[in-house]
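K.L.:
To start, I am sharing the structure in question, which I have written as structure tokens.
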Amino acid sequence: MKLYKYVLSGLLVLNLTACDKELDLQPAQSISEELALSTDANVKSVLLGAYDALAQDGLFGGNTLRDAELLGADGELRWVGTFEGPRDVFNHSMIAGNYEAENMWVDAYETINICNNVLEAIEVVNEEDRDQVRGEALFIRGMAYFQLARFYGQVYEAGGGNTQPGVPIVVRPTRGIDESSQVSRNSVEECYTQILNDLNEAKSLLPDENGVQAGKFTAAALLARVYLQMGRYAEARDNANEVINSGLFSLLPNYADIWNNDDNTSEDIYAVQISSQDFGEATMTVFFSVPAFGGRDGDIEIEQKHLDLYDPSDERLALFFEANGGIMYSGKWREQYRNMPIIRLAEMYLIRAECNARLGTSTGASVDDDYNAVHTRAGLTSKTGVTLDDILLERRLELAHEGHRIHDIKRLKGSADGLPYDDNQLLYPIPAREIEANKNLQQNPGY
Amino acid sequence: MKQQLLTLLLVLFVVGGALAQRTVSGRVTEQAGGEPLIGATVIVKGANTGTTTDVDGRYSIRVNNDNDVLVVKYTGFRGQEITVGNRSTVDIILEQNDELIDEVVVIGYGKQIKSTLTGNIAKVGGENVKAMPVVSVEQALQGQAAGVYVESANGKVGGAMRVRVRGVGSINAGTEPLYVVDGIPLSKDAQNTSGAPMNPLADLNFNDIESIEVLKDASAKAIYGARGSNGVVIITTKSGRSGKSRVELDLQMGTTQPTGRREFLNAAEYIELFTEAANNSDDIEGVPYDDPNSWTTFVQGRFRRYDGHTNWEERIDQTDWQEEALRTGRIRNATLSFSGGNDKVRYFASGNIGLNEGVLVSNELEKNGGRLNLDFDATKRLKVGVGLSLARTFTRQVSNDNAFSTPLQLIALAPITPKRDEDGVLYDRPVTTYYNGLIDMEDGQRKVHSLRTLANIFGDYKITDNLGLRVEGAANLYNVRDDAKFGERTDNGNDSRGYGYSAFANATDYNANAVLHWDRAFDNHDLGFDLGSELFTSENTYTLVEGEQFPSDEFKTLASAASITAGTSTITNYSFLSYFGRARYNFARKYLLNLSARVDGSSRFGQDKRYAFFPAASAGWVLSEEGFLKDNSLLSFLKLRASWGISGNADIGNFQSLGLYGSGNYNGVSTLSPDQIPNPALTWEKSTELDFGIDFGLFNNRLSGEIDYYVKNTTDLLLNVPVPATSGFTNQFQNVGELRNKGVELVLNSNNFTGKFSWTTSLNLAYNKNEVISLAGGQTIIDDGSNMNVVKVGEPIGAFFGAEYAGVDPDNGDALWYVNAMDDNGNIIDPTATTNNFSDANFVILGSPLPNVIYGLDNTLSYGGLTLNVRFQGQTGNQVHNGGGLFMSCNACWFDNQTRDQLERWQNPGDVTDVPEARLGYSNGDQTRSSRYLSEGSYLRLKNVTLAYDLPSSWFAKAGVRDLRLYVTGTNLLTFTKYDGWDPEVTTDYLASNIIYGVDFYSAPQPKNIVFGLRVGF
């Protein structure tokens, strides 16, 4: 029997040492939700997570800019890459399962949820920083909703009731998945109301200056852009005016200097921060540049039709570069690992000029002066008696390939590749995966 | 729990009365010639104890008393029953016959005599995989076990293999069986540092394998609890046997080449088709061909660009790009083994070196390793053993199938493009259409070194004659180093003056178990219990450094990189803590009963559902032992079996139940963001399986076989459920949904001829029907939006879902699809309605990537010293999707070289064809989710042929040589299929998942290997 005792104690030892604690393992690369939202420092890290999310490829990492250009290409550029998603965007043959449409949607709502988490945990933030953190979260959320509203929501009709479907508005953080996750689309009007509320509140809370993050005038600049899209020219003008008058920003003397920088320039109001250590999902170089500079395969070629719009002495024309035997590419996104300008001062001058021209006012400066500020910087001679058409053309050249094209076509009720501005194919589909996962979502027409 | 365990243990001790036992030994020889029979089974009748004879035919076994009867069996010989009497030496002479039924098989945590099994276990003997000139043991298994589906994803050496036992058992959790090598559960982690998966079993030398047992039904695998649901593959390596030492040397040398090729356009055809495509596009736009903005001008510009220093107008074939990607490679293998022992110590030692070049240029695998298995009798009651194996593999990898640099993507380049310029430098873009992957071969390298150490130690202590304790400890240490460097001209390195990375992954698994065995036979009763506990822990680490800006291409390591661009390290781990028990009983080997249960806890599950209970029960009735069938001349063996049990699947990622925030960085500052929603109720998947089987032997077992019917329901699927992305998340792991596999398996073994000329045939055939019963509440489909494989309720997992191609409109050359509009009941309203607008075509189920029937047929003929083995293997009922079709077979929609069948394009009104009109830059039928790119994937393959000649031993006996065999072996020699791609056995590596099967995307064809071999025994 003595032997049995040994054996028994042996087995017991095995079982006792191997007790439940062996099953209590914690991950090394993540922390719990409770911990992440429990301290001032952590909530501020989550806010930075929202900036990071905003820089994903589906948003301002690049694709939201790229696709605005592809949708409105109108023979001025050509997609020659092999990727099916952007090809279908370019060819106006998107299907509901289009990956680009899915990616932007997913990235935008991920960003929004992070902002909602920050806003929910705002009481944890030190009181003196609370307004700023709240303002930044609202700014990022407004910016994400603005992209969603423009790509997935039916066209905003200035002065209309705008009851047509926009996108679902979610303003609470997700803590679990249940019936309440099955949200419906809000109207376009409700979307723009939300965007304006977020940005106006952000503007009132943010400090004047905030490094490369959003400050008061970043919010104002975005508001100018939103009001312009809505055709509310006076408010667009006034916000642009505030930005210009802040004195915090100035136009660079050389157009080419705006691009391919490691740091923000004095012209940048908001830029996505990229470095070789942290290039996240930056994709503009990938698609607009060529392999020698880190591009994919020269997927987007600039066509003669676009180049013909420039005066031969226009310095902006000189920025295009030639590769692959005579093919022209945009120089704005040539180098990899460089900051990506998203909102810059030249746009504010053009907004103020356009609104003043439309309203017959000269708030801040005359139409001619604002126009010429941008026009002469490109090495061209100044002009008098500037018309609205002059401004719109200047805008098209100055802001080419920066993600404005299709939105301008829509707001100006133009056309792209023979399709009218409100054609179904100029609107993203609600992603097929989203329709599957959420029975309350209504698909856009034509998909 | 522990108290119950103790109580049970005590009960066992009380029951386990010690009886006087003694040892009987002897020698088993063949009647004709008196040669020893190696590996003959010797068992004590009525007991479950058994042994096998050594290389000299010797055995030794314990008996209880003089009345005990020894039952001696050997495949191909007539069994004998001998009463021991008072002898201590019992020599036995067997006559040749055709016994195929009785053998010992390995079960979880033990062994059992096959005729008393109540579960379904497929055994493949080491001889059946030995010397096969393939890289991995799974490849050798293909077609050898009923219901075991083996797919080698493509022809890259060292690439991943997929093994599915009785169908695909999960949607988002693991679907690979559990591999247990010499009692050690082998985790499949840390195999993969780059995009192309590596195979964890590639480093196993299968000349060392004694046997492979695949546990298929619930009663066999429930002892492995939460890890058993996908089946268990137990690999047992050879151990030494007492007797004369034996040395064996096996040498192989041969070649490998692709099983198939595709046909592509030559230069003249390329120019013709693309010029026509450009003309057609101009016609659509009403632009004159000679307009500077016309497609025709554009295409000529492209021809001028693509022809480099040559002149395209001469229409000369410059390069056959397919031939640049494929090659005939070499195979070299050598194994040397020693085995033997005395009555106290037994050993088996082996070493191997091998080289397998792949069918793709610059893809190769070298492996070498060694093994030592040692066991000895420390005392009369204590047996101790160690097993140690070291294996090193070196793989020269190529990029995954989705990279421009992968060799087979070369076929996209134009035939008018020369490979090199006049200075002998490889052309790149803009002369080549896309990146020239050959630059990677010249100026890039990706070397993966792996080192695996498997060590186990065990002690087997006989506490009494009936009661034993076996304690095992094991470690599996796996290190992978993945070093890559791409020079300035490569796709990866051309924007940064060279790019390199160095990754290091490590997996460390520890396993410890203790099992108490008790068994006793008296009168006609035979009773046994096992009781055990087990602890398994696994930790994986990963480290990566990336760098750019090298002084020149000659510098290969990151020490020379001027810029270190990325670096990371991660750790993850999981554990299992388990208790299990088993009871078995048989009465006169006629009525059989088996019960087992396991309790598993795992770190992977939510706090609320941490432990799981997995019971199983099975019973058998050997009818042929009944009076009314005994001595039946026709029916020599007949057994009915039934089993039921529950097993689990815990193979999801670690920490999936927790609500988590992950870190990132923005503008050089670290960030936090949510990456997982919590689910504290997350738990294992549960498979409930029912199996009915018949084992039979006819004509004195010359013909024997098994028939099984099974139904396996998997519930509480660990489903990565898509949630509305408006929540900020796209997916959450939930336990919802149900999947069913049911099927029939048939195994037939026949000794057609015996004697001087012998011929045996074995056939295995399995039918499996996989069906998704339900998904998350209300969800009917999982569709990733881009790939054609979906999970749809009522269909098999991975079914192809897309538009049904209707050919070409004879009037205008437009591609057509069936509209397939459905009414509210899901019936198609008008099956003939077609559309030329892809968006108007409703998606329908177009087929399944998984076969419903898999089979293998093996014939062995021998005459004198000559042996011929011929094995066929095949599958039917599946489809293959050519995922590259939208580029290579799109009627010249863009500049990729086209498959030759595109010449059948529509040209004039009235043409009847399946290939639409060629239109450059236009989409005319090139949508990938269309049955246009699906083909029948059934195939029948001449999997293996071996012709061997054993030279008469009298010729060289004086030289100390015992036997000498010369052989030639070929694998994948012939493939019969309707698939017109490279090879129908394919799943592209960059997509392979539980859902995606049967997709070809520039995937390397399977290798056809032929080797000559020499085996010498001393």
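Labeling convention for the structure tokens: chains A, B, ... as they appear, residues from 1 per chain, ligands from 1 in order of appearance.
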List every residue of chain A that has an atom at most 6 Å from any atom of chain B, and for each one report the closest atom pair and its distance in Å to one decimal, counting only C-alpha atoms, with rows sorted by chain and then by increasing residue number, as JSON lines.
P.N.:
```
{"residue": "A:Leu23", "atom": "CA", "partner": "B:Ser603", "partner_atom": "CA", "distance": 4.2}
{"residue": "A:Asp24", "atom": "CA", "partner": "B:Ser603", "partner_atom": "CA", "distance": 5.9}
{"residue": "A:Ser30", "atom": "CA", "partner": "B:Gly662", "partner_atom": "CA", "distance": 4.5}
{"residue": "A:Ile31", "atom": "CA", "partner": "B:Tyr661", "partner_atom": "CA", "distance": 5.3}
{"residue": "A:Ser32", "atom": "CA", "partner": "B:Leu660", "partner_atom": "CA", "distance": 4.6}
{"residue": "A:Glu33", "atom": "CA", "partner": "B:Leu660", "partner_atom": "CA", "distance": 5.3}
{"residue": "A:Ser45", "atom": "CA", "partner": "B:Thr671", "partner_atom": "CA", "distance": 4.6}
{"residue": "A:Val46", "atom": "CA", "partner": "B:Leu672", "partner_atom": "CA", "distance": 4.5}
{"residue": "A:Leu48", "atom": "CA", "partner": "B:Thr671", "partner_atom": "CA", "distance": 5.3}
{"residue": "A:Gly49", "atom": "CA", "partner": "B:Thr671", "partner_atom": "CA", "distance": 4.7}
{"residue": "A:Asp52", "atom": "CA", "partner": "B:Tyr666", "partner_atom": "CA", "distance": 5.5}
{"residue": "A:Gly97", "atom": "CA", "partner": "B:Gly785", "partner_atom": "CA", "distance": 4.6}
{"residue": "A:Val106", "atom": "CA", "partner": "B:Ala725", "partner_atom": "CA", "distance": 5.5}
{"residue": "A:Tyr109", "atom": "CA", "partner": "B:Gly728", "partner_atom": "CA", "distance": 5.0}
{"residue": "A:Glu110", "atom": "CA", "partner": "B:Gly728", "partner_atom": "CA", "distance": 3.8}
{"residue": "A:Asn113", "atom": "CA", "partner": "B:Gly728", "partner_atom": "CA", "distance": 5.1}
{"residue": "A:Thr174", "atom": "CA", "partner": "B:Ser727", "partner_atom": "CA", "distance": 5.7}
{"residue": "A:Gln273", "atom": "CA", "partner": "B:Asn667", "partner_atom": "CA", "distance": 5.6}
{"residue": "A:Gln277", "atom": "CA", "partner": "B:Thr565", "partner_atom": "CA", "distance": 5.3}
{"residue": "A:Ala292", "atom": "CA", "partner": "B:Asp495", "partner_atom": "CA", "distance": 4.8}
{"residue": "A:Phe293", "atom": "CA", "partner": "B:Asp495", "partner_atom": "CA", "distance": 4.9}
{"residue": "A:Gly294", "atom": "CA", "partner": "B:Asp495", "partner_atom": "CA", "distance": 4.9}
{"residue": "A:Asn324", "atom": "CA", "partner": "B:Pro430", "partner_atom": "CA", "distance": 5.0}
{"residue": "A:Glu434", "atom": "CA", "partner": "B:Pro724", "partner_atom": "CA", "distance": 5.8}
{"residue": "A:Ala437", "atom": "CA", "partner": "B:Pro724", "partner_atom": "CA", "distance": 5.3}
{"residue": "A:Asn438", "atom": "CA", "partner": "B:Pro724", "partner_atom": "CA", "distance": 5.8}
```
K.L.:
Which polymer residues have any atom within 7 Å of an atom of Ala202 of chain A, counting only C-alpha atoms, with same-chain residues fewer than 3 positions away left out, as a PDB file with C-alpha atoms, in the first residue's frame?
P.N.:
```
ATOM      1  CA  GLY A 135     -13.747  69.493 -29.479  1.00  0.00           C
ATOM      2  CA  GLU A 136     -11.245  67.275 -31.252  1.00  0.00           C
ATOM      3  CA  LEU A 138     -16.401  66.231 -32.401  1.00  0.00           C
ATOM      4  CA  PHE A 139     -14.235  67.549 -35.226  1.00  0.00           C
ATOM      5  CA  ASP A 198     -20.390  68.673 -34.370  1.00  0.00           C
ATOM      6  CA  LEU A 199     -18.172  71.117 -36.218  1.00  0.00           C
ATOM      7  CA  LEU A 205     -14.404  74.412 -27.805  1.00  0.00           C
ATOM      8  CA  LEU A 206     -11.056  74.161 -29.571  1.00  0.00           C
ATOM      9  CA  ALA A 219     -12.934  73.249 -37.630  1.00  0.00           C
TER      10      ALA A 219
END
```
K.L.:
Could you list, as a PyMOL selection string, every residue within 6 Å of Tyr585 of chain B, counting only C-alpha atoms and ignoring same-chain residues fewer than 5 positions away?
P.N.:
chain B and resi 526-527+592-593
K.L.:
In Å, with one decimal, what is the gap from atom CA of Gln898 of chain B to atom CA of Gly308 of chain B?
P.N.:
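Separating atom CA of Gln898 of chain B from atom CA of Gly308 of chain B is a distance of 20.0 Å.
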K.L.:
Between A:Asn91, A:Gln154, A:Thr64, A:Thr376, which one has atoms that come closest to Pro253 of chain A, using only C-alpha atoms?
P.N.:
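The answer is A:Thr376, which sits nearest to Pro253 of chain A.
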K.L.:
Please provide as a list in words all residues within 10 Å of Asn524 of chain B, with the sequence filter that same-chain residues fewer than 3 positions apart are discarded (counting only C-alpha atoms).
P.N.:
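Contacts, with the query itself left out: Lys45, Gly46, Ala47, Ala521, Leu527, Asn586, Phe587, Ala588, Arg589 and Lys590 of chain B.
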K.L.:
Find the spatial neighbours of Asp963 of chain B, counting only C-alpha atoms, within a cut-off of 12 Å - ignore same-chain residues fewer than 4 positions away - and output them as a compact mmCIF listing (two decimals) with N, CA and C atoms, in the first residue's frame.
P.N.:
```txt
# COMPACT_ATOMS: atom_id res chain seq x y z
N ARG B 246 19.95 -3.84 -36.67
CA ARG B 246 19.64 -3.75 -38.07
C ARG B 246 19.97 -2.35 -38.57
N VAL B 247 20.59 -2.31 -39.71
CA VAL B 247 20.95 -1.02 -40.30
C VAL B 247 20.26 -0.93 -41.65
N GLU B 248 19.68 0.18 -41.92
CA GLU B 248 19.02 0.31 -43.21
C GLU B 248 19.38 1.64 -43.84
N LEU B 249 19.70 1.57 -45.11
CA LEU B 249 20.06 2.78 -45.84
C LEU B 249 19.14 2.89 -47.05
N ASP B 250 18.55 4.06 -47.20
CA ASP B 250 17.65 4.27 -48.33
C ASP B 250 18.11 5.51 -49.10
N GLY B 865 10.94 -11.70 -56.44
CA GLY B 865 11.43 -10.50 -55.78
C GLY B 865 10.84 -9.22 -56.33
N TYR B 949 12.43 -4.28 -56.91
CA TYR B 949 13.00 -5.61 -57.08
C TYR B 949 13.91 -5.90 -55.89
N ASP B 950 13.56 -6.93 -55.16
CA ASP B 950 14.41 -7.38 -54.05
C ASP B 950 15.35 -8.42 -54.58
N LEU B 951 16.62 -8.11 -54.57
CA LEU B 951 17.59 -9.05 -55.09
C LEU B 951 17.68 -10.26 -54.16
N PRO B 952 17.88 -11.44 -54.73
CA PRO B 952 17.95 -12.63 -53.87
C PRO B 952 19.05 -12.47 -52.84
N SER B 953 18.72 -12.80 -51.60
CA SER B 953 19.68 -12.51 -50.53
C SER B 953 20.93 -13.38 -50.64
N SER B 954 20.81 -14.50 -51.32
CA SER B 954 21.98 -15.39 -51.44
C SER B 954 23.13 -14.71 -52.18
N TRP B 955 22.79 -13.72 -53.03
CA TRP B 955 23.82 -13.07 -53.84
C TRP B 955 24.84 -12.29 -53.01
N PHE B 956 24.37 -11.77 -51.89
CA PHE B 956 25.29 -10.87 -51.18
C PHE B 956 25.33 -11.15 -49.69
N ALA B 957 24.80 -12.31 -49.29
CA ALA B 957 24.75 -12.61 -47.87
C ALA B 957 26.14 -12.59 -47.25
N LYS B 958 27.11 -13.05 -48.01
CA LYS B 958 28.47 -13.11 -47.48
C LYS B 958 29.04 -11.72 -47.21
N ALA B 959 28.56 -10.77 -47.95
CA ALA B 959 29.05 -9.40 -47.77
C ALA B 959 28.39 -8.74 -46.57
N LEU B 1014 17.33 3.02 -53.88
CA LEU B 1014 18.09 1.84 -53.49
C LEU B 1014 17.95 1.71 -51.99
N ARG B 1015 17.59 0.52 -51.53
CA ARG B 1015 17.49 0.31 -50.09
C ARG B 1015 18.33 -0.90 -49.72
N VAL B 1016 19.22 -0.70 -48.80
CA VAL B 1016 20.08 -1.80 -48.36
C VAL B 1016 19.88 -2.01 -46.88
N GLY B 1017 19.75 -3.27 -46.49
CA GLY B 1017 19.66 -3.60 -45.07
C GLY B 1017 20.85 -4.44 -44.66
N PHE B 1018 21.41 -4.11 -43.51
CA PHE B 1018 22.55 -4.91 -43.00
C PHE B 1018 22.14 -5.59 -41.70
```
K.L.:
Taking 3 positions as the minimum chain separation for residues in the same chain, which residues sit within 8 Å of Leu119 of chain A when counting only C-alpha atoms? Answer as a PyMOL selection string.
P.N.:
chain A and resi 115-116+122+134+137
K.L.:
Between B:Arg641, B:Arg584, B:Lys367, B:Lys978, which is the closest to Ala334 of chain B once you count only C-alpha atoms?
P.N.:
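Answer, going by the shortest atom-to-atom distance: B:Lys367.
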K.L.:
Counting only C-alpha atoms, what is within 8 Å of Asn741 of chain B, bar same-chain residues fewer than 2 positions away, as an mmCIF file with N, CA and C atoms, in the first residue's frame?
P.N.:
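As written to disk, part.cif reads:
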```cif
data_model
loop_
_atom_site.group_PDB
_atom_site.id
_atom_site.type_symbol
_atom_site.label_atom_id
_atom_site.label_comp_id
_atom_site.auth_asym_id
_atom_site.auth_seq_id
_atom_site.Cartn_x
_atom_site.Cartn_y
_atom_site.Cartn_z
ATOM 1 N N ARG B 166 -13.751 13.531 -42.498
ATOM 2 C CA ARG B 166 -15.208 13.501 -42.589
ATOM 3 C C ARG B 166 -15.791 14.899 -42.830
ATOM 4 N N GLY B 167 -15.257 15.586 -43.800
ATOM 5 C CA GLY B 167 -15.842 16.857 -44.210
ATOM 6 C C GLY B 167 -15.308 18.042 -43.419
ATOM 7 N N VAL B 168 -15.677 19.223 -43.883
ATOM 8 C CA VAL B 168 -15.248 20.455 -43.224
ATOM 9 C C VAL B 168 -16.123 20.659 -42.003
ATOM 10 N N GLY B 169 -15.513 20.771 -40.826
ATOM 11 C CA GLY B 169 -16.286 20.747 -39.593
ATOM 12 C C GLY B 169 -16.526 22.087 -38.946
ATOM 13 N N VAL B 711 -23.314 10.561 -39.011
ATOM 14 C CA VAL B 711 -23.918 11.891 -39.052
ATOM 15 C C VAL B 711 -23.210 12.711 -37.992
ATOM 16 N N LYS B 712 -22.648 13.811 -38.389
ATOM 17 C CA LYS B 712 -21.926 14.660 -37.440
ATOM 18 C C LYS B 712 -22.545 16.045 -37.478
ATOM 19 N N ASN B 713 -23.154 16.424 -36.364
ATOM 20 C CA ASN B 713 -23.777 17.749 -36.262
ATOM 21 C C ASN B 713 -22.900 18.654 -35.432
ATOM 22 N N LEU B 739 -23.858 23.120 -38.431
ATOM 23 C CA LEU B 739 -23.289 22.570 -39.651
ATOM 24 C C LEU B 739 -23.442 21.059 -39.566
ATOM 25 N N GLY B 743 -22.306 11.014 -44.064
ATOM 26 C CA GLY B 743 -21.705 10.311 -45.174
ATOM 27 C C GLY B 743 -21.580 8.816 -44.945
ATOM 28 N N ASN B 768 -19.411 12.208 -48.697
ATOM 29 C CA ASN B 768 -19.734 13.129 -47.604
ATOM 30 C C ASN B 768 -20.618 14.246 -48.123
ATOM 31 N N LYS B 769 -21.649 14.550 -47.351
ATOM 32 C CA LYS B 769 -22.506 15.664 -47.702
ATOM 33 C C LYS B 769 -22.386 16.702 -46.597
ATOM 34 N N ASN B 770 -21.929 17.843 -46.979
ATOM 35 C CA ASN B 770 -21.753 18.930 -46.028
ATOM 36 C C ASN B 770 -22.891 19.914 -46.235
ATOM 37 N N GLU B 771 -23.502 20.331 -45.141
ATOM 38 C CA GLU B 771 -24.600 21.274 -45.282
ATOM 39 C C GLU B 771 -24.604 22.264 -44.127
#
```
K.L.:
In Å, with one decimal, what is the gap from atom CA of Glu548 of chain B to atom CA of Ala562 of chain B?
P.N.:
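Between these atoms lies a distance of 6.4 Å.
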K.L.:
Any chance you could list, as a VMD selection string, the residues in segment 71-291 of chain A that come up alpha helix (DSSP H) when DSSP is run on the backbone?
P.N.:
chain A and resid 71 84 to 90 99 to 120 127 to 152 188 to 205 216 to 230 233 to 245 284 to 288
K.L.:
List every residue of segment 401-619 of chain B that DSSP, applied to the backbone, labels as strand (DSSP E), and write the result as a PyMOL selection string.
P.N.:
chain B and resi 444-462+467-486+499-522+525-548+563-587+591-602+611-619
